[in-house]
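Structure file model09.txt with compact mmCIF, C-alpha atoms:
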```
# COMPACT_ATOMS: atom_id res chain seq x y z
CA MET A 65 250.76 7.69 80.66
CA VAL A 66 249.46 10.61 82.77
CA ARG A 67 246.70 11.26 80.23
CA ILE A 68 245.66 7.58 80.31
CA LEU A 69 245.62 7.70 84.11
CA LYS A 70 243.40 10.83 84.08
CA VAL A 71 240.96 9.19 81.68
CA PHE A 72 240.89 6.07 83.85
CA LEU A 73 240.22 8.11 87.01
CA LEU A 74 237.46 10.13 85.34
CA THR A 75 235.87 6.94 84.05
CA LEU A 76 236.09 5.39 87.51
CA ILE A 77 234.47 8.47 89.10
CA PHE A 78 231.66 8.35 86.52
CA ILE A 79 231.05 4.64 87.16
CA VAL A 80 230.98 5.18 90.94
CA PHE A 81 228.56 8.10 90.49
CA GLU A 82 226.25 6.02 88.32
CA LEU A 83 226.36 3.14 90.78
CA GLN A 84 225.41 5.55 93.57
CA ASN A 85 222.49 6.72 91.46
CA LEU A 86 221.38 3.14 90.89
CA ASN A 87 221.49 2.48 94.62
CA LEU A 88 220.07 5.86 95.60
CA PHE A 89 216.92 4.26 97.00
CA ALA A 90 218.63 1.40 98.84
CA ASN A 91 219.19 3.49 101.97
CA GLU A 92 216.26 5.85 101.59
CA ILE A 93 213.90 4.19 104.09
CA GLU A 94 215.48 3.25 107.40
CA GLY A 95 214.60 -0.27 108.50
CA PHE A 96 213.49 -1.31 105.01
CA LYS A 97 215.63 -2.97 102.37
CA HIS A 98 215.41 -1.83 98.76
CA ILE A 99 214.16 -4.83 96.76
CA LEU A 100 213.60 -3.57 93.22
CA SER A 101 212.98 -0.58 90.97
CA GLY A 102 211.55 -0.25 87.50
CA GLU A 103 209.46 1.63 84.97
CA LEU A 104 205.69 1.99 85.21
CA PRO A 105 203.66 0.35 82.42
CA LYS A 106 202.86 2.89 79.71
CA GLU A 107 199.14 2.60 80.45
CA MET A 108 199.69 3.63 84.07
CA PRO A 109 199.79 7.36 84.86
CA ASN A 110 202.16 8.42 87.64
CA ASN A 111 199.41 10.37 89.43
CA TYR A 112 196.68 7.77 89.22
CA TYR A 113 193.75 7.27 91.58
CA GLY A 114 193.89 3.72 92.84
CA PHE A 115 193.90 1.04 95.52
CA VAL A 116 195.78 -2.08 96.56
CA ALA A 117 193.57 -5.18 96.25
CA ASP A 118 193.97 -8.94 96.65
CA ILE A 119 191.91 -9.87 93.58
CA TYR A 120 192.72 -13.61 93.62
CA GLY A 121 192.76 -14.06 97.39
CA ASN A 122 196.31 -15.47 97.40
CA GLU A 123 198.11 -12.50 99.06
CA HIS A 124 199.79 -11.62 95.73
CA GLU A 125 198.24 -8.18 95.53
CA PHE A 126 197.33 -5.91 92.63
CA ILE A 127 197.27 -2.17 92.12
CA VAL A 128 193.82 -1.24 90.80
CA PHE A 129 193.68 2.16 89.10
CA GLN A 130 191.62 4.28 86.72
CA ALA A 131 192.94 5.19 83.27
CA GLY A 132 190.45 6.91 80.96
CA ASN A 133 187.27 4.85 80.71
CA PHE A 134 188.90 1.74 82.14
CA ILE A 135 189.58 0.34 85.57
CA MET A 136 192.87 -1.52 85.18
CA THR A 137 194.82 -3.89 87.41
CA ALA A 138 198.59 -4.23 87.55
CA GLN A 139 200.60 -6.96 89.28
CA PHE A 140 204.26 -7.81 89.75
CA GLU A 141 205.54 -10.87 87.90
CA ASN A 142 209.26 -11.66 87.61
CA ASN A 143 210.09 -8.29 89.19
CA ASN A 144 208.15 -6.39 86.51
CA LEU A 145 204.88 -4.50 86.99
CA ASN A 146 202.46 -5.58 84.26
CA ILE A 147 198.89 -4.70 83.29
CA VAL A 148 196.66 -7.77 83.83
CA HIS A 149 192.97 -6.78 83.60
CA GLN A 150 190.88 -4.00 82.06
CA ILE A 151 187.26 -3.30 82.99
CA PRO A 152 185.51 -0.74 80.75
CA PHE A 153 182.89 1.56 82.20
CA GLN A 154 180.63 4.25 80.77
CA GLU A 155 179.53 6.23 83.79
CA ILE A 156 180.28 5.79 87.48
CA ASN A 157 180.23 8.17 90.40
CA LEU A 158 182.82 6.55 92.65
CA TRP A 159 184.68 3.28 92.91
CA VAL A 160 186.55 1.55 95.72
CA CYS A 161 188.00 -1.89 96.50
CA GLY A 162 187.49 -4.28 99.37
CA ASP A 163 186.39 -7.74 100.49
CA LEU A 164 182.69 -7.51 101.37
CA ASN A 165 181.96 -11.19 102.04
CA LYS A 166 185.06 -12.46 103.91
CA ASP A 167 186.21 -14.80 101.13
CA LYS A 168 189.68 -13.17 101.11
CA LYS A 169 189.12 -11.81 97.58
CA ASP A 170 188.73 -8.05 97.17
CA GLU A 171 185.95 -6.84 94.93
CA ILE A 172 186.09 -3.78 92.69
CA ILE A 173 183.03 -1.77 93.71
CA PHE A 174 181.31 0.80 91.46
CA ILE A 175 178.97 3.22 93.25
CA LYS A 176 176.38 5.28 91.40
CA SER A 177 173.38 6.03 93.56
CA PRO A 178 171.08 4.21 93.98
CA SER A 179 172.98 1.23 92.57
CA ILE A 180 176.17 -0.59 93.58
CA GLN A 181 177.99 -2.95 91.22
CA THR A 182 180.66 -5.39 92.37
CA TYR A 183 183.23 -7.20 90.23
CA GLU A 184 184.65 -10.27 91.97
CA TRP A 185 187.11 -12.76 90.49
CA GLY A 186 185.71 -16.24 89.95
CA GLU A 187 185.67 -18.91 87.24
CA GLY A 188 188.68 -17.24 85.61
CA LYS A 189 186.95 -13.88 85.07
CA PHE A 190 185.31 -10.95 86.85
CA LEU A 191 181.75 -11.80 87.88
CA LYS A 192 179.46 -8.77 87.99
CA LYS A 193 176.67 -8.34 90.52
CA GLU A 194 174.35 -5.36 90.89
CA TYR A 195 172.58 -4.23 94.04
CA ASN A 196 169.83 -1.61 94.15
CA LEU A 197 169.38 0.62 97.19
CA PRO A 198 166.20 2.67 96.66
CA GLN A 199 166.80 4.39 100.03
CA LEU A 200 169.67 6.25 98.37
CA SER A 201 167.59 7.49 95.41
CA ASN A 202 167.50 11.05 96.75
CA TYR A 203 171.19 11.13 97.63
CA GLU A 204 174.25 12.10 95.64
CA ILE A 205 177.25 10.06 96.80
CA HIS A 206 180.33 12.24 97.34
CA GLN A 207 182.82 9.95 99.08
CA ALA A 208 183.23 6.24 99.79
CA ILE A 209 185.69 4.00 101.63
CA VAL A 210 185.71 0.33 102.67
CA GLY A 211 186.69 -1.02 106.08
CA ASP A 212 185.62 -3.09 109.07
CA ILE A 213 184.16 -0.44 111.34
CA ASP A 214 182.04 -2.79 113.50
CA ASN A 215 185.00 -5.14 114.19
CA ASP A 216 183.31 -8.36 113.01
CA ASP A 217 186.05 -9.15 110.44
CA ILE A 218 183.70 -8.26 107.56
CA ASN A 219 184.14 -4.97 105.72
CA GLU A 220 181.48 -2.33 105.32
CA ILE A 221 181.06 0.43 102.73
CA ILE A 222 181.04 3.88 104.32
CA LEU A 223 179.55 6.81 102.40
CA PHE A 224 179.28 10.57 102.63
CA ALA A 225 176.24 11.73 100.66
CA LYS A 226 174.30 14.90 99.90
CA ASN A 227 170.50 14.92 100.14
CA THR A 228 169.46 16.37 96.79
CA GLN A 229 165.96 17.15 98.08
CA GLU A 230 167.31 19.51 100.72
CA ASN A 231 169.39 21.50 98.25
CA SER A 232 167.03 21.48 95.27
CA GLN A 233 166.02 25.10 95.86
CA GLY A 234 169.43 26.42 96.85
CA GLU A 235 172.18 28.03 94.84
CA GLU A 236 174.82 25.72 93.38
CA ASP A 237 177.63 27.40 95.30
CA GLU A 238 175.91 27.01 98.67
CA GLY A 239 177.21 24.55 101.20
CA PHE A 240 175.32 21.44 102.19
CA LYS A 241 174.97 18.86 104.94
CA LEU A 242 176.82 15.55 104.54
CA TYR A 243 174.98 12.39 105.54
CA LEU A 244 176.99 9.42 106.81
CA PHE A 245 175.89 5.91 105.78
CA ILE A 246 177.22 2.44 106.59
CA LEU A 247 176.37 -0.36 104.14
CA LYS A 248 176.93 -4.07 104.61
CA ARG A 249 176.63 -7.06 102.33
CA GLN A 250 174.24 -9.58 103.87
CA LYS A 251 173.87 -12.79 101.87
CA GLU A 252 172.80 -11.64 98.39
CA LYS A 253 171.92 -8.07 99.32
CA ILE A 254 173.70 -4.89 100.32
CA LYS A 255 171.80 -3.07 103.05
CA ILE A 256 172.10 0.20 104.96
CA ILE A 257 172.82 -0.85 108.55
CA TRP A 258 173.20 2.66 109.99
CA SER A 259 172.95 6.34 109.10
CA ASP A 260 173.56 9.46 111.15
CA LYS A 261 170.57 11.07 109.37
CA GLY A 262 172.67 14.19 109.04
CA LYS A 263 172.81 14.72 112.81
CA MET A 264 176.57 14.43 113.35
CA GLY A 265 177.10 17.87 111.87
CA PHE A 266 179.35 17.11 108.89
CA TYR A 267 179.04 19.93 106.36
CA ASP A 268 180.57 20.76 103.00
CA PRO A 269 180.94 24.57 102.83
CA ARG A 270 182.25 24.39 99.22
CA VAL A 271 184.65 27.31 99.84
CA VAL A 272 187.19 25.16 101.76
CA PRO A 273 187.90 21.40 101.58
CA PRO A 274 185.00 19.37 102.99
CA PRO A 275 185.21 16.74 105.73
CA THR A 276 186.96 13.72 104.22
CA LEU A 277 186.53 9.99 104.83
CA VAL A 278 190.16 8.99 105.41
CA CYS A 279 190.27 5.31 106.34
CA VAL A 280 189.22 2.65 108.85
CA GLY A 281 191.96 1.24 111.04
CA ASP A 282 193.29 0.50 114.51
CA ILE A 283 195.35 3.64 114.86
CA PHE A 284 196.30 3.09 118.53
CA ASN A 285 196.71 -0.72 118.30
CA ARG A 286 193.85 -1.40 120.73
CA SER A 287 192.20 -4.20 118.70
CA LYS A 288 189.33 -1.86 117.80
CA ASN A 289 189.04 -0.11 114.47
CA GLN A 290 188.09 3.53 114.15
CA LEU A 291 186.66 5.53 111.28
CA VAL A 292 188.92 8.52 110.62
CA ILE A 293 187.26 11.65 109.23
CA MET A 294 189.48 14.64 108.50
CA GLU A 295 188.41 18.25 108.85
CA THR A 296 190.94 20.73 107.42
CA GLN A 297 191.84 23.66 109.64
CA SER A 298 194.08 25.68 107.30
CA ASP A 299 197.18 25.17 105.17
CA VAL A 300 199.50 26.23 108.00
CA SER A 301 198.14 24.15 110.87
CA PRO A 302 197.35 20.47 111.44
CA SER A 303 194.09 19.02 110.29
CA GLY A 304 191.67 17.76 112.90
CA PHE A 305 190.99 14.03 112.66
CA ASN A 306 187.70 12.82 114.11
CA LEU A 307 187.98 9.24 115.39
CA LEU A 308 184.61 7.45 115.41
CA MET A 309 184.04 4.05 116.99
CA TRP A 310 181.24 1.48 116.66
CA SER A 311 179.39 1.01 119.93
CA LYS A 312 175.95 -0.48 120.62
CA ASN A 313 175.05 -0.70 116.92
CA ARG A 314 175.92 2.88 116.09
CA LEU A 315 178.87 5.17 115.40
CA LYS A 316 179.97 7.53 118.13
CA LEU A 317 182.66 10.19 118.19
CA ASP A 318 185.51 8.90 120.37
CA GLN A 319 187.86 11.87 120.13
CA THR A 320 189.30 14.49 117.80
CA VAL A 321 193.09 14.56 117.47
CA MET A 322 195.84 16.51 115.74
CA PHE A 323 199.32 15.27 114.80
CA ALA A 324 202.00 17.88 115.54
CA ASN A 325 205.52 18.08 116.99
CA ASN A 326 205.73 14.27 117.36
CA LYS A 327 202.66 14.15 119.60
CA ILE A 328 199.05 13.15 119.01
CA TRP A 329 197.04 15.93 120.66
CA SER A 330 193.44 15.74 121.79
CA SER A 331 191.35 18.73 120.74
CA GLU A 332 191.13 19.77 124.42
CA GLU A 333 194.92 19.70 124.83
CA TRP A 334 195.35 21.64 121.61
CA GLU A 335 193.00 24.41 122.69
CA SER A 336 194.48 24.72 126.18
CA GLU A 337 198.20 24.58 125.32
CA HIS A 338 198.22 26.40 121.94
CA PRO A 339 201.10 24.41 120.39
CA GLU A 340 200.36 26.04 117.02
CA GLU A 341 202.63 28.89 118.12
CA LYS A 342 205.71 26.62 117.86
CA ILE A 343 204.92 23.96 115.28
CA THR A 344 207.90 22.14 113.80
CA SER A 345 206.05 19.36 111.97
CA PHE A 346 202.51 18.14 111.46
CA VAL A 347 200.28 15.78 109.51
CA TRP A 348 197.87 17.82 107.48
CA TYR A 349 196.04 15.55 105.05
CA THR A 350 194.59 12.07 104.56
CA PHE A 351 196.60 8.99 105.43
CA ASP A 352 196.63 5.19 105.37
CA ILE A 353 197.01 3.00 108.46
CA PHE A 354 198.83 -0.31 108.25
CA LYS A 355 200.76 -2.74 110.42
CA ILE A 356 204.19 -4.20 109.66
CA ASN A 357 205.87 -6.50 112.21
CA ASN A 358 203.13 -5.65 114.75
CA GLN A 359 204.06 -1.97 114.56
CA ILE A 360 201.36 0.53 113.61
CA ARG A 361 202.47 2.94 110.92
CA ILE A 362 200.73 5.55 108.85
CA LEU A 363 201.61 7.05 105.48
CA ALA A 364 200.65 10.71 105.28
CA PRO A 365 201.57 14.04 103.70
CA ILE A 366 203.84 15.66 106.26
CA TYR A 367 205.02 19.20 106.88
CA ASP A 368 208.58 19.09 108.18
CA GLY A 369 208.83 22.71 109.34
CA LYS A 370 210.87 23.69 106.29
CA SER A 371 208.98 22.99 103.09
CA ILE A 372 205.58 24.38 102.17
CA PRO A 373 202.82 21.98 103.31
CA SER A 374 202.21 19.77 100.29
CA ASP A 375 201.02 16.28 99.45
CA THR A 376 204.25 15.83 97.50
CA TYR A 377 206.08 15.00 100.74
CA GLN A 378 204.91 11.63 102.06
CA GLY A 379 205.94 10.74 105.60
CA LEU A 380 206.40 7.23 106.98
CA ILE A 381 205.21 7.64 110.56
CA LYS A 382 205.48 5.23 113.51
CA ILE A 383 202.76 5.41 116.17
CA SER A 384 203.47 4.56 119.81
CA GLY A 385 200.86 5.55 122.38
CA ASN A 386 200.16 9.25 121.98
CA ARG A 387 203.51 9.88 120.29
CA PHE A 388 204.48 9.64 116.66
CA GLU A 389 207.85 9.58 114.98
CA VAL A 390 208.52 10.56 111.39
CA GLU A 391 210.81 7.74 110.34
CA GLU A 392 211.31 8.95 106.80
CA ILE A 393 210.10 11.61 104.38
CA LEU A 394 209.75 10.28 100.84
CA LYS A 395 210.46 13.32 98.71
CA PRO A 396 209.20 13.61 95.15
CA VAL A 397 211.23 13.62 91.98
CA GLU A 398 211.15 17.08 90.45
CA LEU A 399 210.81 17.03 86.67
CA LYS A 400 212.34 20.36 85.78
CA GLU A 401 212.04 19.78 82.06
CA ARG A 402 208.27 19.37 82.48
CA GLY A 403 207.98 22.02 85.16
CA GLN A 404 206.05 19.77 87.52
CA ILE A 405 206.29 18.11 90.89
CA LEU A 406 203.57 15.49 91.22
CA PRO A 407 202.55 13.98 94.55
CA ASN A 408 204.21 10.79 95.63
CA ILE A 409 202.08 7.69 95.59
CA VAL A 410 203.07 5.24 98.32
CA HIS A 411 201.32 1.90 98.83
CA CYS A 412 201.68 -0.76 101.49
CA ILE A 413 201.51 -3.87 99.29
CA ASN A 414 202.46 -7.53 99.09
CA ILE A 415 203.93 -7.85 95.59
CA ASP A 416 204.83 -11.55 95.69
CA GLY A 417 203.03 -13.26 98.58
CA LYS A 418 206.12 -12.94 100.79
CA GLY A 419 204.95 -10.07 102.99
CA LYS A 420 203.98 -6.41 102.95
CA GLY A 421 206.36 -3.69 101.87
CA LEU A 422 206.32 -0.10 100.62
CA LEU A 423 205.91 0.73 96.94
CA HIS A 424 207.01 4.29 96.13
CA ILE A 425 205.86 5.69 92.78
CA THR A 426 207.42 8.93 91.56
CA ALA A 427 206.67 11.51 88.89
CA ASP A 428 209.44 10.25 86.61
CA ASP A 429 207.29 7.14 85.86
CA LYS A 430 209.33 4.86 88.10
CA TYR A 431 208.58 2.62 91.08
CA HIS A 432 210.75 1.53 94.00
CA PHE A 433 209.84 -1.29 96.37
CA TYR A 434 211.18 -1.75 99.92
CA ARG A 435 210.57 -4.43 102.51
```
Target format structure tokens, applied to this file:
Amino acid sequence: MVRILKVFLLTLIFIVFELQNLNLFANEIEGFKHILSGELPKEMPNNYYGFVADIYGNEHEFIVFQAGNFIMTAQFENNNLNIVHQIPFQEINLWVCGDLNKDKKDEIIFIKSPSIQTYEWGEGKFLKKEYNLPQLSNYEIHQAIVGDIDNDDINEIILFAKNTQENSQGEEDEGFKLYLFILKRQKEKIKIIWSDKGKMGFYDPRVVPPPTLVCVGDIFNRSKNQLVIMETQSDVSPSGFNLLMWSKNRLKLDQTVMFANNKIWSSEEWESEHPEEKITSFVWYTFDIFKINNQIRILAPIYDGKSIPSDTYQGLIKISGNRFEVEEILKPVELKERGQILPNIVHCINIDGKGKGLLHITADDKYHFYR
């Protein structure tokens, strides 16, 4: 009888332990409810480069990602993430996603100077259009993002590019000036509506990470979007984030800020108060801005004062005035048998048309959705 009781208790402990494992993610993000978890499709790498896009314009969003020589889309149906579309390509420089014509459908945008190709859903298939921009013939496109920087509810394409004529005589390992361009779709053409002509001073030194186009968003909830450009300081201090605003038909630098110790510092404050001597946490790399329930949040790699700064630790951060609060740190799954810790991928996505939530993808080929 005692032996049977021991076996029963051990079995009960095992079942409870397994149930705790199954519900491990249910309480992981405060204020969000765990909705579902599952396995990634076999075609989908767990460290993919990709975007969230509303391909059909019905708020049932897709993940668009690159796998080999294909751009693929994946969408949730019946609580499963399935591959839906595949677009083959031979050679592209960069690709991004966004709605360029305000029809609520995001295009997949291929950029290879001096041409831009868009793939937009219509008539039950992707319709391809190609736009030629001869003004970019002497430029090598290095970075691209999509966002509404001029606040007219229509997205622009924002580029960082290298002038190949300027560097044609230089050594390959030399640094170079980065030119900032803003492109806009106007009727049946894509046109350059503004360029800094290399005068804003962005420079890729090649020996450290270059300035990075982060995102376009209303970071302070002021009903005006800003272009965020990151400039890395070092791996033990916060990055500087340049916030540029559209004013009088041009981009102007509004301010440069750092995120550290739960405060958003201006560059002037940072230099005068020297908070780097007592840093407990900081944002050090690129992030996404989004709004849930009228609350501005960002998703960013976060240093918590304990771990080594790494993009494996994604922080869910709430912005309020010039303060920020790290609501949650989404830690990665360590695959000891493979000897790897891959960065988290976290998306703000509407998987079923019922509202935005957080999709957390981990290195063990699993996803977890919260809302």
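Computed from the coordinates, the CA of Asn325 in chain A to CA of Ile362 in chain A distance equals 15.7 Å.
With all atoms listed in the file as the basis for measurement, A:Asn358 is the residue among A:Asn358, A:Ile99, A:Ile409, A:Pro365 that approaches Ser384 in chain A most closely.
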Using 4 Å of padding on each side, determine the axis-aligned box around all atoms of range 164-168 of chain A present in the file and give its centre and edge lengths in Å to one decimal, as JSON.
```
{"center_x": 185.8, "center_y": -11.2, "center_z": 102.5, "size_x": 15.7, "size_y": 15.3, "size_z": 10.8}
```
What's around Cys412 in chain A at 7 Å? Count all atoms listed in the file, leave out sequence neighbours fewer than 4 positions away in its own chain, and write the answer as a list in words.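 Once the nearby chain positions are removed, what remains is Lys420, Gly421, Leu422 and Leu423 of chain A.
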Please dump the current selection as a tab-separated table (two decimals), keeping the file's coordinate frame; keep C-alpha atoms.
```tsv
chain	number	residue	atom	x	y	z
A	420	LYS	CA	203.98	-6.41	102.95
A	421	GLY	CA	206.36	-3.69	101.87
A	422	LEU	CA	206.32	-0.10	100.62
A	423	LEU	CA	205.91	0.73	96.94
```
How far is it from CA of Glu220 in chain A to CA of Gln199 in chain A, in Å with one decimal?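 Straight-line distance from CA of Glu220 in chain A to CA of Gln199 in chain A works out to 17.0 Å.
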Compute the distance from (203.6, 13.1, 118.8) to each atom, counting only C-alpha atoms, keep the residues with any atom at most 7 Å away, and return them as an NGL selection string; use the coordinates of the file. :A and (323-328 or 386-389)
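Remark: for Asp429 in chain A, the closest of the candidate residues A:Ser303, A:Asn110, A:Gln290, A:Gln130 is A:Asn110 (distances computed over all atoms listed in the file).
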From A:Glu332, A:Asp167, A:Asp216, A:Asp428, residue lying nearest Asn313 in chain A [only C-alpha atoms]: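 Residue with the minimum atom-to-atom distance to Asn313 in chain A: A:Asp216.
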As a PyMOL selection string, please: the residues near Glu141 in chain A (cut-off 10 Å, only C-alpha atoms, same-chain neighbours under 3 positions excluded). chain A and resi 124+138+144-146+415-416
Write the selection just made, keeping C-alpha atoms, as an mmCIF file, in the coordinates of the input?
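Output contents, as saved in result-v7.cif:
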```
data_model
loop_
_atom_site.group_PDB
_atom_site.id
_atom_site.type_symbol
_atom_site.label_atom_id
_atom_site.label_comp_id
_atom_site.auth_asym_id
_atom_site.auth_seq_id
_atom_site.Cartn_x
_atom_site.Cartn_y
_atom_site.Cartn_z
ATOM 1 C CA HIS A 124 199.790 -11.620 95.730
ATOM 2 C CA ALA A 138 198.590 -4.230 87.550
ATOM 3 C CA ASN A 144 208.150 -6.390 86.510
ATOM 4 C CA LEU A 145 204.880 -4.500 86.990
ATOM 5 C CA ASN A 146 202.460 -5.580 84.260
ATOM 6 C CA ILE A 415 203.930 -7.850 95.590
ATOM 7 C CA ASP A 416 204.830 -11.550 95.690
#
```
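For the pair CA of Pro109 in chain A and CA of Phe134 in chain A, the separation is 12.6 Å.
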Can you pull out the residues contacting Trp329 in chain A? Cut-off 12 Å, using only C-alpha atoms, and skip same-chain residues under 5 positions away; I want them as a list in words.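 My reading of the contact set: Pro302, Ser303, Gly304, Phe305, Asn306, Gln319, Thr320, Val321, Met322, Phe323, Ala324, Trp334, Glu335, Ser336, Glu337, His338, Pro339, Glu340, Phe346, Val347, Gly385, Asn386, Arg387 and Phe388 of chain A.
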Residues near Glu171 in chain A, anyone? I mean within 10 Å using all atoms listed in the file, not counting same-chain ones fewer than 3 positions away, as a PDB file with C-alpha atoms, keeping the file's coordinate frame.
```
ATOM      1  CA  ALA A 117     193.570  -5.180  96.250  1.00  0.00           C
ATOM      2  CA  ASP A 118     193.970  -8.940  96.650  1.00  0.00           C
ATOM      3  CA  ILE A 119     191.910  -9.870  93.580  1.00  0.00           C
ATOM      4  CA  TYR A 120     192.720 -13.610  93.620  1.00  0.00           C
ATOM      5  CA  VAL A 160     186.550   1.550  95.720  1.00  0.00           C
ATOM      6  CA  CYS A 161     188.000  -1.890  96.500  1.00  0.00           C
ATOM      7  CA  GLY A 162     187.490  -4.280  99.370  1.00  0.00           C
ATOM      8  CA  ASP A 163     186.390  -7.740 100.490  1.00  0.00           C
ATOM      9  CA  LEU A 164     182.690  -7.510 101.370  1.00  0.00           C
ATOM     10  CA  ASN A 165     181.960 -11.190 102.040  1.00  0.00           C
ATOM     11  CA  LYS A 168     189.680 -13.170 101.110  1.00  0.00           C
ATOM     12  CA  PHE A 174     181.310   0.800  91.460  1.00  0.00           C
ATOM     13  CA  GLN A 181     177.990  -2.950  91.220  1.00  0.00           C
ATOM     14  CA  THR A 182     180.660  -5.390  92.370  1.00  0.00           C
ATOM     15  CA  TYR A 183     183.230  -7.200  90.230  1.00  0.00           C
ATOM     16  CA  GLU A 184     184.650 -10.270  91.970  1.00  0.00           C
ATOM     17  CA  TRP A 185     187.110 -12.760  90.490  1.00  0.00           C
ATOM     18  CA  PHE A 190     185.310 -10.950  86.850  1.00  0.00           C
ATOM     19  CA  LEU A 191     181.750 -11.800  87.880  1.00  0.00           C
ATOM     20  CA  LYS A 192     179.460  -8.770  87.990  1.00  0.00           C
TER      21      LYS A 192
END
```
Which of these residues is nearest to Ala131 in chain A, using only C-alpha atoms: A:Phe224, A:Phe351, A:Phe153, A:Tyr112?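 So, comparing all the options, the nearest one is A:Tyr112.
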Protein and nucleic acid residues near (184.0, 6.7, 92.3) (cut-off 8 Å, only C-alpha atoms) as a PyMOL selection string: chain A and resi 156-160+174-176+207-208
If you count only C-alpha atoms, which residues fall within 10 Å of Asn219 in chain A, apart from same-chain ones fewer than 4 positions away, as a ChimeraX atom specification? /A:162-166,209-215,247-249,280
